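S.K.: The structure's right below; bear with me while I get my questions together.
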Amino acid sequence: MNASNSVKKFSYKEKVISKVCSFNRKHKALKLFGILYAIIAISVYNFLFYFYRNSKRFTCLACILLFFVASSSFSYPGMALTISFASDFEKIENETAENEAVADTTIEESDAELASVEDVDSEVIREALSSENPDVAESEHLNPEKQASLSDILEASGTDAYDIDERAEVLGASKAADDPDANTLSDDSNVNDPEFSSDDWKIMLVNKQHPIPDDYKFPLGTITGTMRCDERIISPLLDMMKAAHAEGVSLIICSPYRDMDRQTMLFDTKINRYMEAGMSYMDAYNLASQAVTVPGSSEHQVGLAIDIITDGYSSLDEGFGNTRAGKWLSENSYKYGFVLRYPLGKEDITSIEFEPWHFRYVGVDAATFMVQNDICLEELWNTYVK
Ligand SMILES: [Zn+2]
């Protein structure tokens, strides 16, 4: 076989050379072209012959390559929703919000990706994708029974409106007396002592990475009606509301404490809805975790977080930050131990978009220290909590 191949090879080469020789004899001026032709023809022949001789090897190699390409394309999940942080999702949302035309296309594309099953109700997915944050998705703030102004709270506790105004005046007067210090952070708290204890309930860190411990217990107090929160924060909360009232700023609290059952119920309801629309459990879980906080990772469940709206502005959105109440809170809440939990510019750290309405009680010391150093709770824990 090899011998016959080499004979073939030799005869082809010989043929080419003899042709070129006779050509060169006839056209001496084109001798160079003849030689070039011979070189190219023989090289191409050798090259092809090499492949022909190794055809089995190359076939095997091609099969292996094909196998790898095919298997790696199967390793990607059919559904592209593997987002683990709310902020990632919200970033996509924010980008799309900038351009409605783009948003429509993106949502349509997402529909296709998310659905991965043709009969999924795209309206359900569209609605889930349009939920900007868990607080809004739960819509409690729109229910008047789930809202409480200072007068609602004091009336319920048997204090009449006259008393409120009177108290407000007293508070306003005492505040006026303190005014020189009002714009500077007070030094009487231990703000220069950057050590906070991890056992301190006030600075408890609750987020997706730090779910509420199973054995966590706290005293549940009633603000008014069915609205409850950690009993220990009711007094500073009322002080803050009174101080705002004294300055003519209305604060209406909503969505304080939500129990685990309620959070679980909200979450399961979402999952069931998406599954009814044709999604698999995993797909539905992923989508639900974008719309409702995963049970066990919401600060509302430990009664330390309060959502706040104001007269004439009941939307839980960034616009609240521009209202008088939003501005007053961002400037003064720390004096009563409350911090804006998800500040603008800290989204990468908190994994939650800017929420000017969501306030978290951390105590006056921690709040003052956090405001003074412009840090969020995660940053406080990373550096100053021992
Ligand atoms: Zn909230």
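Naming works like this for the structure tokens: A, B, ... for the chains as they're shown, residue 1 at the start of each chain, ligands 1 onward in shown order.
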Go through the chains and note each residue within 8 Å of ligand 1, using only C-alpha atoms and all ligand atoms, then give the set as a list in words.
M.R.: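 Those residues are Pro134, Asp135, Ser255, Pro256, Glu299, His300, Ala305, Ile306, Asp307, Glu355, Trp357, His358 and Phe359 of chain A.
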S.K.: Among range 287-367 of chain A, which residues does DSSP mark as strand (DSSP E or B) when it is run on the backbone? Keep the chain and numbering as in the structure and answer as a PyMOL selection string.
M.R.: chain A and resi 305-310+313+338-340+358-361
S.K.: If you count only C-alpha atoms, which residues fall within 9 Å of Ser298 in chain A, apart from same-chain ones fewer than 6 positions away, as a ChimeraX atom specification?
M.R.: /A:206-208,211-212,258,263,305
S.K.: Residues within 9 Å of Tyr342 in chain A, please, as a PyMOL selection string. Count only C-alpha atoms; anything in the same chain fewer than 2 positions from it doesn't count.
M.R.: chain A and resi 339-340+344-347+350-356+358-359+376-377
S.K.: To one decimal place in Å, what is the distance between CA of Gln147 in chain A and CA of Leu238 in chain A?
M.R.: 14.4 Å
S.K.: To one decimal in Å, tell me the separation between CA of Asn286 in chain A and CA of Asp268 in chain A.
M.R.: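 Interatomic distance, CA of Asn286 in chain A to CA of Asp268 in chain A: 11.9 Å.
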